[in-house]
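> The structure file input-v5.cif (mmCIF, C-alpha atoms and all ligand atoms) is provided below.
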data_my_file
#
loop_
_atom_site.label_atom_id
_atom_site.label_comp_id
_atom_site.auth_asym_id
_atom_site.auth_seq_id
_atom_site.Cartn_x
_atom_site.Cartn_y
_atom_site.Cartn_z
CA MET J 22 -50.68 -4.85 -21.62
CA ALA J 23 -52.76 -2.98 -19.07
CA ASN J 24 -50.65 -3.30 -15.97
CA LYS J 25 -47.20 -2.35 -17.08
CA ILE J 26 -44.60 -1.49 -14.45
CA ARG J 27 -44.01 2.26 -14.49
CA LEU J 28 -40.31 3.12 -14.56
CA ALA J 29 -38.59 6.51 -14.19
CA THR J 30 -34.87 7.27 -14.41
CA THR J 31 -32.69 10.31 -13.92
CA SER J 32 -29.08 11.39 -13.71
CA LEU J 33 -28.11 13.77 -10.90
CA ALA J 34 -24.37 14.41 -10.41
CA GLY J 35 -23.47 11.58 -12.77
CA CYS J 36 -21.97 11.26 -16.23
CA PHE J 37 -24.86 9.39 -17.91
CA GLY J 38 -22.59 6.35 -18.05
CA CYS J 39 -25.14 4.35 -16.05
CA HIS J 40 -27.86 5.28 -18.53
CA MET J 41 -25.59 4.23 -21.40
CA SER J 42 -25.00 0.96 -19.61
CA LEU J 43 -28.77 0.42 -19.27
CA LEU J 44 -29.00 0.87 -23.04
CA ASP J 45 -26.30 -1.79 -23.37
CA ILE J 46 -29.01 -4.39 -22.71
CA ASP J 47 -29.26 -4.02 -26.52
CA GLU J 48 -32.22 -5.74 -28.15
CA ARG J 49 -33.53 -6.81 -24.75
CA ILE J 50 -34.84 -3.23 -24.53
CA LEU J 51 -37.70 -4.35 -26.80
CA GLU J 52 -38.60 -7.02 -24.28
CA LEU J 53 -38.31 -4.45 -21.50
CA ALA J 54 -40.59 -2.03 -23.37
CA GLU J 55 -43.25 -4.78 -23.39
CA LEU J 56 -43.07 -5.01 -19.61
CA VAL J 57 -42.50 -1.42 -18.51
CA GLU J 58 -43.87 1.98 -19.33
CA PHE J 59 -41.23 4.71 -19.21
CA ASN J 60 -42.21 7.80 -17.24
CA ARG J 61 -39.77 10.64 -16.54
CA THR J 62 -36.44 9.63 -18.09
CA PRO J 63 -34.01 11.12 -20.63
CA ILE J 64 -35.38 8.46 -23.00
CA THR J 65 -38.92 9.96 -23.07
CA ASP J 66 -38.00 13.54 -22.20
CA ILE J 67 -40.96 13.71 -19.76
CA LYS J 68 -39.94 16.52 -17.39
CA HIS J 69 -41.61 15.52 -14.13
CA CYS J 70 -41.97 12.20 -12.41
CA GLY J 71 -45.53 10.89 -12.13
CA ASP J 72 -46.69 7.98 -9.96
CA CYS J 73 -44.18 5.21 -10.61
CA ASP J 74 -43.33 1.74 -9.42
CA VAL J 75 -39.58 2.04 -9.82
CA GLY J 76 -37.19 5.00 -9.96
CA LEU J 77 -33.56 4.54 -10.96
CA ILE J 78 -31.22 7.29 -9.74
CA GLU J 79 -27.80 7.74 -11.28
CA GLY J 80 -25.36 10.18 -9.68
CA GLY J 81 -24.98 11.78 -6.27
CA VAL J 82 -26.33 15.11 -5.08
CA CYS J 83 -24.14 18.13 -5.88
CA ASN J 84 -26.58 21.06 -6.28
CA SER J 85 -29.99 22.37 -5.24
CA GLU J 86 -31.72 21.02 -8.35
CA ASN J 87 -30.44 17.50 -7.58
CA VAL J 88 -32.10 17.76 -4.15
CA HIS J 89 -35.47 18.70 -5.68
CA VAL J 90 -35.33 16.00 -8.36
CA LEU J 91 -34.31 13.34 -5.84
CA ARG J 92 -37.19 14.31 -3.52
CA GLU J 93 -39.61 14.29 -6.47
CA PHE J 94 -38.52 10.76 -7.31
CA ARG J 95 -38.73 9.57 -3.71
CA GLY J 96 -42.21 11.09 -3.40
CA ASN J 97 -43.49 9.38 -6.54
CA CYS J 98 -41.66 6.05 -6.79
CA LYS J 99 -42.65 3.04 -4.72
CA ILE J 100 -39.16 1.60 -5.11
CA LEU J 101 -36.14 3.86 -5.33
CA VAL J 102 -32.84 2.44 -6.59
CA ALA J 103 -29.36 3.96 -6.26
CA VAL J 104 -27.57 3.08 -9.48
CA GLY J 105 -23.79 3.24 -9.76
CA ALA J 106 -20.86 4.41 -7.66
CA CYS J 107 -21.82 8.12 -7.64
CA ALA J 108 -25.35 7.55 -6.31
CA ILE J 109 -23.98 5.10 -3.74
CA ASN J 110 -20.90 6.93 -2.43
CA GLY J 111 -20.67 10.22 -4.32
CA GLY J 112 -18.13 8.78 -6.73
CA LEU J 113 -15.81 10.91 -8.78
CA PRO J 114 -17.76 14.20 -8.27
CA ALA J 115 -17.36 13.73 -4.50
CA MET J 116 -13.61 14.02 -4.90
CA ARG J 117 -14.19 17.77 -4.71
CA ASN J 118 -15.31 17.33 -1.10
CA PHE J 119 -11.69 17.69 0.00
CA ILE J 120 -11.29 21.10 -1.64
CA PRO J 121 -13.27 24.18 -0.53
CA LEU J 122 -15.98 25.03 -3.06
CA GLY J 123 -14.62 28.52 -3.72
CA GLU J 124 -11.23 27.07 -4.64
CA CYS J 125 -12.84 24.54 -7.02
CA LEU J 126 -14.75 27.29 -8.84
CA LYS J 127 -11.69 29.52 -8.98
CA GLU J 128 -9.56 26.72 -10.40
CA ALA J 129 -12.16 25.82 -13.05
CA TYR J 130 -13.40 29.23 -14.16
CA ILE J 131 -10.69 31.76 -13.27
CA ASP J 132 -7.24 30.17 -13.08
CA ALA J 133 -7.57 27.30 -15.53
CA ILE J 134 -5.35 27.31 -18.60
CA GLY J 135 -6.98 28.84 -21.67
CA VAL J 136 -9.85 30.56 -19.87
CA GLU J 137 -10.98 33.77 -21.57
CA ASN J 138 -13.23 36.39 -20.01
CA ALA J 139 -12.75 34.69 -16.64
CA GLN J 140 -15.80 34.75 -14.36
CA ILE J 141 -17.57 32.40 -12.02
CA PRO J 142 -20.99 31.56 -13.57
CA SER J 143 -23.74 33.25 -11.58
CA ASP J 144 -26.82 33.21 -13.83
CA PRO J 145 -29.91 32.92 -11.58
CA GLU J 146 -31.11 30.03 -13.79
CA LEU J 147 -28.19 27.91 -12.61
CA PRO J 148 -28.79 25.69 -9.57
CA LEU J 149 -26.56 26.55 -6.63
CA LEU J 150 -23.79 24.13 -5.82
CA LEU J 151 -23.83 22.44 -2.43
CA GLU J 152 -20.76 22.68 -0.20
CA ASN J 153 -20.28 18.90 -0.57
CA VAL J 154 -21.40 16.14 -2.90
CA HIS J 155 -23.57 13.56 -1.11
CA PRO J 156 -24.54 9.96 -1.84
CA ILE J 157 -28.32 9.78 -2.21
CA HIS J 158 -28.88 7.59 0.88
CA GLU J 159 -27.82 10.57 3.00
CA LEU J 160 -30.95 12.47 1.80
CA VAL J 161 -33.71 9.92 1.18
CA LYS J 162 -34.51 6.30 1.94
CA VAL J 163 -33.13 4.03 -0.76
CA ASP J 164 -34.61 0.59 -1.33
CA TYR J 165 -31.99 -1.06 -3.54
CA PHE J 166 -28.40 -0.44 -4.63
CA LEU J 167 -26.77 -1.46 -7.90
CA PRO J 168 -23.01 -0.90 -7.53
CA GLY J 169 -20.57 -0.46 -10.41
CA CYS J 170 -18.98 2.33 -12.40
CA PRO J 171 -21.16 1.77 -14.29
CA PRO J 172 -23.09 -1.39 -13.32
CA CYS J 173 -22.96 -3.54 -16.44
CA ALA J 174 -26.06 -4.10 -18.59
CA ASP J 175 -26.62 -7.53 -17.05
CA VAL J 176 -26.94 -5.94 -13.61
CA PHE J 177 -29.87 -3.80 -14.83
CA TRP J 178 -31.36 -6.78 -16.62
CA LYS J 179 -31.07 -9.12 -13.63
CA PHE J 180 -32.46 -6.51 -11.25
CA LEU J 181 -35.40 -5.44 -13.40
CA THR J 182 -36.40 -8.94 -14.48
CA ASP J 183 -36.25 -10.14 -10.86
CA LEU J 184 -38.44 -7.25 -9.81
CA ILE J 185 -40.92 -7.60 -12.67
CA GLY J 186 -41.02 -11.36 -12.11
CA GLY J 187 -42.01 -10.80 -8.47
CA ARG J 188 -38.72 -12.16 -7.09
CA GLU J 189 -36.54 -10.47 -4.45
CA PRO J 190 -33.78 -8.91 -6.58
CA SER J 191 -30.34 -10.41 -5.96
CA LEU J 192 -27.02 -10.20 -7.75
CA PRO J 193 -24.70 -13.20 -8.18
CA TYR J 194 -20.99 -12.70 -7.31
CA GLU J 195 -19.96 -12.01 -10.94
CA LEU J 196 -22.31 -9.03 -11.10
CA ILE J 197 -21.09 -7.31 -7.94
CA HIS J 198 -18.35 -4.81 -8.82
CA TYR J 199 -17.39 -1.39 -7.51
CA ASP J 200 -15.31 -0.50 -10.57
CA MET U 19 -5.72 -38.37 20.61
CA SER U 20 -6.07 -35.11 18.71
CA LYS U 21 -8.07 -32.25 20.09
CA THR U 22 -11.00 -30.75 18.23
CA ILE U 23 -13.28 -27.76 18.11
CA SER U 24 -16.50 -27.62 16.16
CA ILE U 25 -17.00 -24.93 13.50
CA ASP U 26 -20.59 -24.73 12.25
CA GLY U 27 -21.02 -28.32 13.41
CA ARG U 28 -17.93 -29.62 11.63
CA GLN U 29 -15.15 -31.18 13.75
CA VAL U 30 -11.84 -29.37 13.23
CA GLU U 31 -8.58 -30.58 14.71
CA PHE U 32 -6.12 -28.25 16.38
CA VAL U 33 -2.87 -28.35 18.31
CA ASP U 34 -2.27 -26.42 21.50
CA GLY U 35 -1.21 -22.85 20.85
CA GLN U 36 -3.21 -22.49 17.64
CA THR U 37 -5.82 -19.77 17.31
CA ILE U 38 -9.29 -20.55 15.98
CA MET U 39 -8.25 -18.84 12.72
CA GLU U 40 -5.18 -21.08 12.38
CA ALA U 41 -7.12 -24.24 13.11
CA ALA U 42 -9.81 -23.21 10.62
CA ALA U 43 -7.29 -22.31 7.90
CA ALA U 44 -5.48 -25.64 8.35
CA ALA U 45 -8.81 -27.42 7.82
CA GLY U 46 -9.71 -25.28 4.79
CA VAL U 47 -12.47 -23.36 6.55
CA TYR U 48 -12.60 -19.71 5.48
CA ILE U 49 -13.19 -17.10 8.15
CA PRO U 50 -13.28 -13.57 6.66
CA HIS U 51 -10.29 -11.49 7.77
CA LEU U 52 -8.23 -8.45 6.81
CA CYS U 53 -5.63 -7.73 9.50
CA HIS U 54 -4.73 -11.40 9.91
CA HIS U 55 -1.80 -12.89 8.00
CA PRO U 56 -0.27 -16.22 9.02
CA ASP U 57 3.30 -14.86 8.80
CA PHE U 58 2.78 -12.17 11.40
CA THR U 59 1.76 -11.88 15.03
CA PRO U 60 -2.04 -11.52 15.28
CA HIS U 61 -3.28 -7.97 15.78
CA GLY U 62 -7.04 -8.37 16.20
CA SER U 63 -7.98 -4.92 14.98
CA CYS U 64 -10.37 -5.23 12.03
CA LYS U 65 -12.89 -7.52 13.80
CA LEU U 66 -13.94 -9.02 10.51
CA CYS U 67 -13.06 -12.47 11.81
CA THR U 68 -15.68 -12.20 14.55
CA VAL U 69 -17.09 -15.64 15.33
CA LYS U 70 -19.36 -16.88 18.10
CA VAL U 71 -17.51 -19.09 20.55
CA ASN U 72 -19.76 -20.84 23.04
CA GLY U 73 -22.27 -18.00 22.62
CA ARG U 74 -19.87 -15.06 22.81
CA ASN U 75 -18.39 -12.97 20.03
CA CYS U 76 -14.60 -13.32 19.74
CA SER U 77 -11.92 -12.48 17.16
CA ALA U 78 -10.93 -15.81 15.59
CA CYS U 79 -7.44 -14.52 14.76
CA THR U 80 -6.50 -13.89 18.38
CA PHE U 81 -8.66 -16.39 20.30
CA PRO U 82 -6.90 -19.64 21.24
CA ALA U 83 -8.58 -22.86 20.17
CA GLN U 84 -9.61 -24.98 23.14
CA GLU U 85 -10.99 -28.50 23.38
CA GLY U 86 -14.75 -28.66 22.93
CA GLN U 87 -15.35 -25.09 21.72
CA GLU U 88 -18.51 -24.65 19.68
CA VAL U 89 -17.70 -22.03 17.06
CA LEU U 90 -20.26 -20.43 14.76
CA ASN U 91 -18.85 -18.87 11.59
CA GLU U 92 -21.24 -18.86 8.64
CA THR U 93 -24.46 -17.58 10.21
CA ASP U 94 -26.80 -14.86 8.93
CA GLU U 95 -26.19 -12.83 12.06
CA LEU U 96 -22.39 -12.91 11.72
CA ARG U 97 -22.63 -12.20 8.01
CA GLU U 98 -24.71 -9.13 8.87
CA ASP U 99 -22.23 -8.00 11.57
CA ARG U 100 -19.28 -8.47 9.25
CA ARG U 101 -20.99 -6.58 6.45
CA MET U 102 -21.60 -3.70 8.83
CA ILE U 103 -17.97 -3.74 9.98
CA THR U 104 -16.87 -3.61 6.33
CA GLN U 105 -19.23 -0.70 5.66
CA MET U 106 -17.65 1.15 8.58
CA LEU U 107 -14.20 0.55 7.12
CA PHE U 108 -15.38 1.98 3.81
CA VAL U 109 -16.98 5.18 5.18
CA GLU U 110 -14.06 5.91 7.50
CA GLY U 111 -11.63 6.14 4.59
CA ASN U 112 -12.13 7.36 1.05
CA HIS U 113 -12.65 4.39 -1.22
CA PHE U 114 -13.30 5.45 -4.81
CA CYS U 115 -12.71 2.03 -6.31
CA PRO U 116 -13.14 3.11 -9.97
CA SER U 117 -10.03 5.27 -9.62
CA CYS U 118 -8.00 2.88 -7.46
CA GLU U 119 -5.20 0.84 -9.01
CA LYS U 120 -5.85 -1.96 -6.55
CA SER U 121 -9.46 -2.51 -7.62
CA GLY U 122 -10.03 -6.19 -8.35
CA ASN U 123 -6.91 -7.16 -6.38
CA CYS U 124 -8.00 -5.50 -3.14
CA GLN U 125 -8.84 -7.67 -0.15
CA LEU U 126 -11.08 -5.05 1.46
CA GLN U 127 -13.16 -4.89 -1.72
CA ALA U 128 -13.05 -8.67 -2.09
CA VAL U 129 -14.39 -9.18 1.41
CA ALA U 130 -17.14 -6.67 0.65
CA TYR U 131 -18.05 -8.58 -2.52
CA TYR U 132 -17.98 -11.85 -0.58
CA LEU U 133 -20.35 -10.38 2.02
CA GLN U 134 -22.59 -9.00 -0.75
CA MET U 135 -22.14 -5.45 0.46
CA LEU U 136 -24.01 -3.28 -2.06
CA ASP U 137 -23.90 0.08 -0.28
CA ASP U 138 -22.10 1.99 2.47
CA HIS U 139 -25.18 2.31 4.72
CA PHE U 140 -23.55 4.94 6.97
CA PRO U 141 -22.93 8.62 6.17
CA LEU U 142 -19.48 8.99 4.62
CA PHE U 143 -16.76 10.82 6.57
CA PHE U 144 -14.94 12.29 3.53
CA ALA U 145 -11.96 12.81 5.83
CA SER U 146 -9.16 14.73 4.15
CA ARG U 147 -6.12 12.46 4.02
CA GLU U 148 -2.85 12.92 2.23
CA LEU U 149 -0.97 11.21 -0.52
CA ASP U 150 2.76 10.51 -0.27
CA ALA U 151 4.18 9.90 -3.72
CA SER U 152 7.70 11.00 -2.78
CA HIS U 153 9.37 7.58 -2.99
CA PRO U 154 10.53 6.62 -6.49
CA GLU U 155 9.10 3.10 -6.34
CA VAL U 156 6.31 3.08 -3.76
CA MET U 157 3.42 5.39 -2.90
CA ILE U 158 1.02 5.74 0.02
CA ASP U 159 -2.56 6.86 -0.44
CA HIS U 160 -3.75 7.40 3.11
CA ASP U 161 -7.37 7.55 1.89
CA ARG U 162 -7.35 3.77 1.67
CA CYS U 163 -5.58 2.79 4.89
CA ILE U 164 -7.65 0.64 7.25
CA PHE U 165 -5.00 0.58 10.03
CA CYS U 166 -4.55 -3.16 9.88
CA THR U 167 -0.84 -2.68 10.80
CA LEU U 168 0.29 -5.38 8.36
CA CYS U 169 2.86 -2.95 6.91
CA VAL U 170 4.00 -2.14 10.44
CA ARG U 171 4.46 -5.82 11.26
CA ALA U 172 6.08 -6.59 7.89
CA SER U 173 8.53 -3.72 8.20
CA HIS U 174 9.41 -4.98 11.68
CA LEU U 175 10.25 -8.33 10.09
CA ASP U 176 12.25 -6.47 7.42
CA GLY U 177 14.25 -5.15 10.36
CA LYS U 178 13.42 -1.55 9.46
CA GLU U 179 10.39 -0.26 11.41
CA VAL U 180 9.42 2.09 8.59
CA PHE U 181 5.75 2.26 9.57
CA ALA U 182 3.71 2.88 12.73
CA ILE U 183 0.18 3.92 13.60
CA SER U 184 -0.16 7.18 15.50
CA GLY U 185 -3.08 9.07 17.06
CA ARG U 186 -6.42 7.78 18.27
CA GLY U 187 -9.98 7.60 16.96
CA ILE U 188 -10.65 9.93 14.05
CA ASN U 189 -7.06 11.22 14.23
CA LYS U 190 -5.52 7.79 13.82
CA HIS U 191 -3.10 7.65 10.90
CA LEU U 192 -0.17 5.79 9.45
CA ILE U 193 3.19 7.48 10.03
CA VAL U 194 6.52 6.95 8.32
CA ASN U 195 9.77 6.68 10.20
CA SER U 196 11.95 9.31 8.50
CA PRO U 197 13.24 12.79 9.41
CA SER U 198 10.76 14.47 7.01
CA GLY U 199 7.95 11.99 7.58
CA LYS U 200 8.09 11.29 3.83
CA LEU U 201 8.56 7.84 2.38
CA GLN U 202 11.49 8.89 0.20
CA ASP U 203 13.57 9.68 3.27
CA SER U 204 12.78 6.36 4.97
CA ALA U 205 14.69 3.09 4.78
CA LEU U 206 11.97 1.48 2.63
CA GLU U 207 13.27 -0.34 -0.45
CA ALA U 208 11.37 -1.96 -3.30
CA GLY U 209 12.36 -5.47 -2.18
CA ASP U 210 10.90 -5.11 1.32
CA ARG U 211 8.11 -7.36 2.48
CA ALA U 212 6.22 -4.26 3.67
CA VAL U 213 5.77 -3.02 0.10
CA ASP U 214 3.39 -5.75 -1.07
CA ILE U 215 1.64 -6.68 2.17
CA CYS U 216 -1.08 -4.01 2.21
CA PRO U 217 -4.52 -5.64 1.80
CA THR U 218 -5.90 -2.42 0.29
CA GLY U 219 -4.62 0.15 -2.20
CA ALA U 220 -2.99 2.28 0.53
CA ILE U 221 0.56 1.15 -0.22
CA LEU U 222 1.15 0.65 -3.91
CA ARG U 223 4.16 -0.30 -5.96
CA LYS U 224 4.54 2.26 -8.73
CA GLY U 225 4.65 1.49 -12.43
CA ILE U 226 2.64 -1.75 -12.49
CA GLY U 227 -0.89 -0.54 -11.73
CA TYR U 228 -2.66 -1.51 -14.92
CA ARG U 229 -0.59 -4.42 -16.21
CA VAL U 230 -3.59 -6.63 -15.58
CA PRO U 231 -6.75 -4.96 -16.87
CA ILE U 232 -9.81 -4.38 -14.68
CA GLY U 233 -12.15 -7.34 -15.06
CA LYS U 234 -9.31 -9.89 -15.24
CA ARG U 235 -7.97 -9.45 -11.73
CA ILE U 236 -7.83 -11.91 -8.86
CA PHE U 237 -11.19 -11.21 -7.25
CA ASP U 238 -12.93 -10.45 -10.54
CA LEU U 239 -12.50 -14.12 -11.29
CA LYS U 240 -12.73 -15.79 -7.89
CA LYS U 241 -14.33 -15.25 -4.50
CA ILE U 242 -11.84 -14.51 -1.74
CA ASP U 243 -12.60 -17.77 0.07
CA ALA U 244 -11.37 -19.66 -3.01
CA VAL U 245 -8.15 -17.66 -3.46
CA SER U 246 -5.04 -19.14 -1.85
CA LEU U 247 -2.64 -17.03 0.18
CA ALA U 248 0.05 -17.47 -2.50
CA GLU U 249 -2.30 -16.07 -5.15
CA GLN U 250 -3.23 -13.16 -2.88
CA GLY U 251 0.45 -12.48 -2.31
CA GLY U 252 0.59 -11.49 -5.96
CA ALA U 253 -2.28 -9.09 -5.41
CA HIS U 254 -0.30 -6.03 -6.44
CA GLY U 255 -1.11 -6.00 -10.12
CA GLU U 256 1.72 -8.08 -11.55
S1 LIG N 301 -8.38 0.18 -1.50
FE1 LIG N 301 -9.81 -1.37 -2.22
S2 LIG N 301 -11.79 -0.74 -1.41
FE2 LIG N 301 -10.40 1.03 -1.29
S3 LIG N 301 -10.70 2.19 -3.20
FE3 LIG N 301 -9.02 0.74 -3.57
S4 LIG N 301 -10.04 -1.08 -4.44
FE4 LIG N 301 -11.63 0.14 -3.46
S1 LIG N 302 -1.08 1.05 4.82
FE1 LIG N 302 -2.08 -0.88 4.27
S2 LIG N 302 -0.95 -2.44 5.45
FE2 LIG N 302 -0.48 -0.46 6.38
S3 LIG N 302 -1.95 -0.23 8.05
FE3 LIG N 302 -2.80 0.79 6.24
S4 LIG N 302 -4.10 -0.75 5.26
FE4 LIG N 302 -2.73 -1.84 6.67
S1 LIG N 303 -8.65 -10.67 11.11
FE1 LIG N 303 -9.16 -10.91 13.18
S2 LIG N 303 -9.46 -8.91 13.88
FE2 LIG N 303 -8.75 -8.62 11.82
#
As a first step, turn the structure in this file into structure tokens.

Amino acid sequence: MANKIRLATTSLAGCFGCHMSLLDIDERILELAELVEFNRTPITDIKHCGDCDVGLIEGGVCNSENVHVLREFRGNCKILVAVGACAINGGLPAMRNFIPLGECLKEAYIDAIGVENAQIPSDPELPLLLENVHPIHELVKVDYFLPGCPPCADVFWKFLTDLIGGREPSLPYELIHYD
Amino acid sequence: MSKTISIDGRQVEFVDGQTIMEAAAAAGVYIPHLCHHPDFTPHGSCKLCTVKVNGRNCSACTFPAQEGQEVLNETDELREDRRMITQMLFVEGNHFCPSCEKSGNCQLQAVAYYLQMLDDHFPLFFASRELDASHPEVMIDHDRCIFCTLCVRASHLDGKEVFAISGRGINKHLIVNSPSGKLQDSALEAGDRAVDICPTGAILRKGIGYRVPIGKRIFDLKKIDAVSLAEQGGAHGE
């Protein structure tokens, strides 16, 4: 098929649960592969996002690398989708927003039980953490939102098939969940 | 002859002294609401019940029904306004539904589902609010309080005045009537009406949180407009 929809996906400050849930569409992924061409995504291991029709973003923004990746996606995807609780409201990672960053790092890398050779990681390769975790709509324009922790496979299926079929994506009541 | 108002073109009977909300409820017409409960004096704070009465926006839970009123309820514009009000309630508190015991039984969440709210739209406040788990049978997670005052009104009916709202604007918060300010030192007891009245997960009964699994809870199965008050009364996980 010449004119396949180009799809990219990534996980920022997420747990990959949303990606696992996408894979839960099971054998329908064969049907999806007929209709879409995967660009940058953990499934293809392509490292940078090319021109795409749709970008699915899992996770909120917790470090400098997340900011760059999110901007790369926004710059290259015609339609950007916030997938899951963390992309939409910061989710579980944003629970650190109530604790100063220094204290979080100290608790995890210095004071935690069983830590040996205690030190706060400072390798220059590591992206710097932001003071707070942000939902992605606070940084870029987001076109669609798929709530859920994670959204179930049928949410991805309904959304993508609506979009590919040229319909305005919409979720019935049973598919709208925040948990 | 009985008196009537029209709601979205439908004739609805009322008796003098009834609010628009009461007349609508008696006729089986759902108007979204959170701070309204038929057993307590109307408070009119959440504004979710906003309807258009003869061209003006009013709170249905406080506005008296009057002969000949033309009320609009289910319009795209009102749905949009109500969704935005709900988004404001979400960003003002800290609502991490996946880690909330009330998820699926929560009226705030249920109203958001009903209004097809898919995102928070506004920047989140991430306001730092405390948890009071001091009481052996009940806990308060202030992150989830929407200041509806239902616990305040219920505790008044319990004859105890355990709760009140203090402060204004961003500093508004729920306070507990006890020497330490902690729930354990208050007069609250497990049998009080105030314990189960909270429409959100701010006041929770301990020890029952996951008796009903996520996915099988009240609003997982039914839209809030189809759930009776009696069913919602059991919305604390039992
Ligand atoms: S109180 Fe309701 S809306 Fe808030 S976190 Fe709990 S389930 Fe979600
Ligand atoms: S604790 Fe619950 S019932 Fe009390 S004001 Fe807050 S949201 Fe309302
Ligand atoms: S239900 Fe009317 S203002 Fe809250």
> Kindly determine which residues of chain J lie within 12 Å of chain U, considering all atoms listed in the file, and give the answer as JSON, numbers by chain.
{"J": [102, 103, 104, 105, 106, 107, 108, 109, 110, 111, 112, 113, 114, 115, 116, 117, 118, 119, 120, 121, 153, 154, 155, 156, 157, 158, 159, 160, 161, 162, 163, 164, 165, 166, 167, 168, 169, 170, 171, 172, 173, 191, 192, 193, 194, 195, 196, 197, 198, 199, 200]}
> What residues of the protein or nucleic acid chains come within 8 Å of ligand LIG 302 (chain N) when you use only C-alpha atoms and all ligand atoms? Reply as a PyMOL selection string.
chain U and resi 53+158-160+162-170+181-183+192+212+215-221
> Check every protein, DNA and RNA residue against ligand LIG 303 (chain N), keep those with an atom at most 7 Å away (counting only C-alpha atoms and all ligand atoms), and present them as a list in words.
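Counting only C-alpha atoms and all ligand atoms, the residues within 7 Å of ligand LIG 303 (chain N) come out as His51, Leu52, Cys53, His54, His61, Gly62, Ser63, Cys64, Lys65, Leu66, Cys67, Thr68, Ser77, Ala78, Cys79 and Thr80 of chain U.
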> Just the number, please: distance in Å from CA of Ile226 in chain U to CA of Glu155 in chain U, one decimal.
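CA of Ile226 in chain U sits 10.2 Å away from CA of Glu155 in chain U.
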> Point out the residue among U:Arg186, U:Lys178, U:His153, U:Arg211 with the least atom-to-atom distance to Lys224 in chain U, counting only C-alpha atoms.
U:His153
> What separation in Å, quoted to one decimal, exists between CA of Gly76 in chain J and CA of Cys98 in chain J?
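Result for CA of Gly76 in chain J versus CA of Cys98 in chain J: 5.6 Å, one decimal.
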> By how many Å are CA of Val69 in chain U and CA of Ile49 in chain U apart?
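Computed distance, CA of Val69 in chain U to CA of Ile49 in chain U, equals 8.3 Å.
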> Compile the contact shell of Glu85 in chain U as a list of chain:residue names: residues with an atom at most 12 Å away, counting all atoms listed in the file, same-chain residues fewer than 6 positions apart removed.
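The neighbour list is U:Met19, U:Ser20, U:Lys21, U:Thr22, U:Ile23, U:Ser24, U:Gln29, U:Val30, U:Glu31, U:Phe32, U:Val33, U:Asp34, U:Gly35, U:Gln36, U:Thr37, U:Ile38, U:Ala41, U:Val71, U:Asn72.
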> May I have the residues within 9 Å of Ala174 in chain J as a list in words, using only C-alpha atoms and disregarding those fewer than 6 positions away in the same chain?
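Result of the neighbour search: Cys39, Met41, Ser42, Leu43, Leu44, Asp45, Ile46 and Asp47 of chain J.
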> Looking at only C-alpha atoms and all ligand atoms, which of U:Glu119, U:Asp214, U:Asp26, U:Glu98 is the one that sits closest to ligand LIG 301 (chain N)?
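Residue with the minimum atom-to-atom distance to ligand LIG 301 (chain N): U:Glu119.
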